[in-house]
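Chemist: This is the structure, below, for whatever I ask next.
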Amino acid sequence: MSYTLHPIGLINSPYQEKFGIPRQPALAPSAPVSLTLLPPYNQADCVRGLEAFSHVWLTFVFHETLARGWQPLVRPPRLGGNSKVGVFASRATHRPNGLGLSLVELKSIDTQQGVTLHLAGADLLHGTPVLDIKPYIPFVEAKPDARGGFVDGPPPQLGVQWQPKALADLQAWHTAPAWLAGLIDEVLAQDPRPAYQNDPTRVYGIRLAHCDVRFAIQGDTVLVLEIIPPA
Ligand code: SAM
């Protein structure tokens with residue numbers, strides 16, 4: 001038994017590489033992500049009534065990692081990268097069928113030219129193919145007393161300190177998006193390092209909104225060292 005699925009739209013996102021993308025939606029609400037629908041779904045009729053919902057579920061393909069297949073056991077970052085759980089007890093990207101599911105805020109819908117959904121708080125790579133959109137129905141789906149297993153509660157946050165060079169870089173970049181500094185704060189506070197790494201001398205780089213963000217992590221603090229704008 002096999003099925004063929006086709007994307008109904010593509011994600012436009014400031015996240016240009018996997019490294020640095022928050023591990024779940026809503027952790028970096030400043031990320032301005034949009035979803036542009038593809039023909040024949042890019043007609044206003046397909047989204048009629050959707051604007052009445054504040055949040056939507058997106059079903060998508062982990063297209064960047066699909067080719068790497070899956071394994072029965074995975075090491076979730078929330079368990080420090082050492083303990084293993086079953087793939088179906090995790091939100092790991094390497095899974096059978098490579099499907100992802102994210103609950104994101106729907107800010108607005110533009111139907112002037114085709115259909116574009118403006119979203120906030122998505123954990124999606126630029127170019128992610130989306131297979132379906134469904135409205136979030138709070139009275140059915142909100143379960144505040146549900147058990148969250150090994151991910152009960154939000155992850156600990158790091159403090160973010162901008163160094164003078166990084167501040168000057170951002171000021172000198174006159175066309176920098178207004179939301180960029182906020183997004184950098186939110187992304188770095190999540191501690192993007194792999195769970196097993198703890199080297200305070202190491203300088204990391206994340207590609208975000210077409211710039212390179214250089215940073216180091218000392219204890220519970222991220223030092224933003226440098227912002228290199230697009231050439
Ligand atoms: N909320 C979704 C879920 O639960 O299915 C995704 C959770 S998954 C742990 C989040 C990670 O997926 C991000 O940190 C990013 O590294 C990765 N990711 C996002 N978009 C991707 C894509 N198109 N292909 C592969 N990996 C992707």
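By order of appearance in the structure tokens: chains A, B, ..., then residues from 1 within every chain, and ligands from 1 in the order shown.
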Check every protein, DNA and RNA residue against ligand 1, keep those with an atom at most 10 Å away (counting only C-alpha atoms and all ligand atoms), and present them as a ChimeraX atom specification.

Modeler: /A:10-11,13,15-26,57-66,76-77,90-95,98-104,122-130,192

Chemist: Enumerate, as a VMD selection string, the complete set of residues in stretch 91-219 of chain A that a backbone-based DSSP assignment places in strand (DSSP E).

Modeler: chain A and resid 99 to 110 116 to 120 129 to 135 159 to 162 204 to 208 211 to 218

Chemist: Using only C-alpha atoms, please write the residues we just selected to a file, as a PDB file, in the first residue's frame.

Modeler:
ATOM      1  CA  LEU A  99       5.972  14.090   8.145  1.00  0.00           C
ATOM      2  CA  GLY A 100       5.994  17.091  10.479  1.00  0.00           C
ATOM      3  CA  LEU A 101       3.110  18.734  12.310  1.00  0.00           C
ATOM      4  CA  SER A 102       3.217  22.303  13.621  1.00  0.00           C
ATOM      5  CA  LEU A 103       0.614  24.463  15.315  1.00  0.00           C
ATOM      6  CA  VAL A 104       1.215  28.054  14.217  1.00  0.00           C
ATOM      7  CA  GLU A 105      -0.483  31.403  14.663  1.00  0.00           C
ATOM      8  CA  LEU A 106      -2.379  32.661  11.610  1.00  0.00           C
ATOM      9  CA  LYS A 107      -1.836  36.433  11.452  1.00  0.00           C
ATOM     10  CA  SER A 108      -3.579  37.202   8.152  1.00  0.00           C
ATOM     11  CA  ILE A 109      -4.457  35.846   4.729  1.00  0.00           C
ATOM     12  CA  ASP A 110      -3.610  37.689   1.518  1.00  0.00           C
ATOM     13  CA  THR A 116      -0.479  33.692   1.032  1.00  0.00           C
ATOM     14  CA  LEU A 117      -0.937  32.898   4.713  1.00  0.00           C
ATOM     15  CA  HIS A 118       1.101  35.059   7.096  1.00  0.00           C
ATOM     16  CA  LEU A 119       2.132  33.034  10.152  1.00  0.00           C
ATOM     17  CA  ALA A 120       4.034  33.532  13.383  1.00  0.00           C
ATOM     18  CA  PRO A 129       6.616  21.704   1.315  1.00  0.00           C
ATOM     19  CA  VAL A 130       3.275  21.842   3.132  1.00  0.00           C
ATOM     20  CA  LEU A 131       0.810  19.007   2.534  1.00  0.00           C
ATOM     21  CA  ASP A 132      -2.239  20.294   4.390  1.00  0.00           C
ATOM     22  CA  ILE A 133      -3.670  23.112   6.521  1.00  0.00           C
ATOM     23  CA  LYS A 134      -6.333  22.555   9.157  1.00  0.00           C
ATOM     24  CA  PRO A 135      -7.880  25.024  11.591  1.00  0.00           C
ATOM     25  CA  GLY A 159      20.397  34.944  28.567  1.00  0.00           C
ATOM     26  CA  VAL A 160      21.445  36.821  25.403  1.00  0.00           C
ATOM     27  CA  GLN A 161      24.096  39.549  25.545  1.00  0.00           C
ATOM     28  CA  TRP A 162      24.909  41.609  22.480  1.00  0.00           C
ATOM     29  CA  TYR A 204      29.097  29.239  16.163  1.00  0.00           C
ATOM     30  CA  GLY A 205      27.350  30.656  13.110  1.00  0.00           C
ATOM     31  CA  ILE A 206      23.694  30.634  12.118  1.00  0.00           C
ATOM     32  CA  ARG A 207      22.313  31.784   8.770  1.00  0.00           C
ATOM     33  CA  LEU A 208      19.203  33.771   9.515  1.00  0.00           C
ATOM     34  CA  CYS A 211      22.838  37.193   7.289  1.00  0.00           C
ATOM     35  CA  ASP A 212      25.404  35.277   9.347  1.00  0.00           C
ATOM     36  CA  VAL A 213      25.030  35.532  13.108  1.00  0.00           C
ATOM     37  CA  ARG A 214      28.207  34.626  15.019  1.00  0.00           C
ATOM     38  CA  PHE A 215      27.943  33.754  18.696  1.00  0.00           C
ATOM     39  CA  ALA A 216      29.550  31.897  21.599  1.00  0.00           C
ATOM     40  CA  ILE A 217      27.984  30.378  24.702  1.00  0.00           C
ATOM     41  CA  GLN A 218      29.512  30.799  28.136  1.00  0.00           C
TER      42      GLN A 218
END

Chemist: Quick one: residues within 7 Å of A:Val74, only C-alpha atoms counted, chain neighbours fewer than 6 positions away excluded, as an MDAnalysis selection string?

Modeler: chainID A and resid 84:87

Chemist: Going by DSSP on the backbone, which bits of stretch 5-149 of chain A are helix (DSSP H, G or I)? Write them as a count of residues only, please.

Modeler: 24

Chemist: Counting only C-alpha atoms, which of A:Arg202, A:His6, A:Arg78, A:His210 gets nearest to A:Leu180?

Modeler: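 Between A:Arg202, A:His6, A:Arg78, A:His210, the residue approaching A:Leu180 most closely is A:His210.
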
Chemist: Could you check how far atom CA of A:Asn12 sits from atom CA of A:Ser30, in Å to one decimal?

Modeler: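 Between these atoms lies a distance of 14.1 Å.
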
Chemist: Would you mind telling me which residue in A:Tyr3, A:Tyr196, A:Phe53, A:Trp173 lies nearest to A:Glu226 when using only C-alpha atoms?

Modeler: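 Checking each candidate against A:Glu226, we get A:Trp173 as the closest.
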
Chemist: Please provide as a PDB file with N, CA and C atoms, in the first residue's frame all residues within 10 Å of A:Asp45, with the sequence filter that same-chain residues fewer than 3 positions apart are discarded (counting only C-alpha atoms).

Modeler:
ATOM      1  N   TYR A  41      -4.562  25.239  -5.683  1.00  0.00           N
ATOM      2  CA  TYR A  41      -5.117  25.587  -4.358  1.00  0.00           C
ATOM      3  C   TYR A  41      -4.983  27.081  -4.064  1.00  0.00           C
ATOM      4  N   ASN A  42      -4.342  27.821  -4.957  1.00  0.00           N
ATOM      5  CA  ASN A  42      -4.059  29.240  -4.696  1.00  0.00           C
ATOM      6  C   ASN A  42      -5.235  30.116  -5.113  1.00  0.00           C
ATOM      7  N   ARG A  48     -11.565  30.242   2.259  1.00  0.00           N
ATOM      8  CA  ARG A  48     -12.726  31.013   2.720  1.00  0.00           C
ATOM      9  C   ARG A  48     -13.132  30.548   4.117  1.00  0.00           C
ATOM     10  N   GLY A  49     -13.232  31.466   5.064  1.00  0.00           N
ATOM     11  CA  GLY A  49     -13.613  31.128   6.442  1.00  0.00           C
ATOM     12  C   GLY A  49     -12.425  30.864   7.352  1.00  0.00           C
ATOM     13  N   THR A 111      -5.193  37.444  -0.316  1.00  0.00           N
ATOM     14  CA  THR A 111      -5.709  36.768  -1.528  1.00  0.00           C
ATOM     15  C   THR A 111      -5.669  37.704  -2.735  1.00  0.00           C
ATOM     16  N   VAL A 115      -2.716  33.055  -3.087  1.00  0.00           N
ATOM     17  CA  VAL A 115      -3.074  33.001  -1.660  1.00  0.00           C
ATOM     18  C   VAL A 115      -1.801  32.853  -0.835  1.00  0.00           C
TER      19      VAL A 115
END

Chemist: For a test of reading the model, state the distance in Å between atom CA of A:Gln112 and atom CA of A:Ala44, rounded to one decimal.

Modeler: 8.8 Å

Chemist: Which residue, A:Pro138, A:Pro72, A:Pro155, A:Pro230, has the smallest gap to A:Asp191 when you use only C-alpha atoms?

Modeler: A:Pro155

Chemist: Separation of atom CA of A:Val140 and atom CA of A:Val33, in Å?

Modeler: 26.1 Å
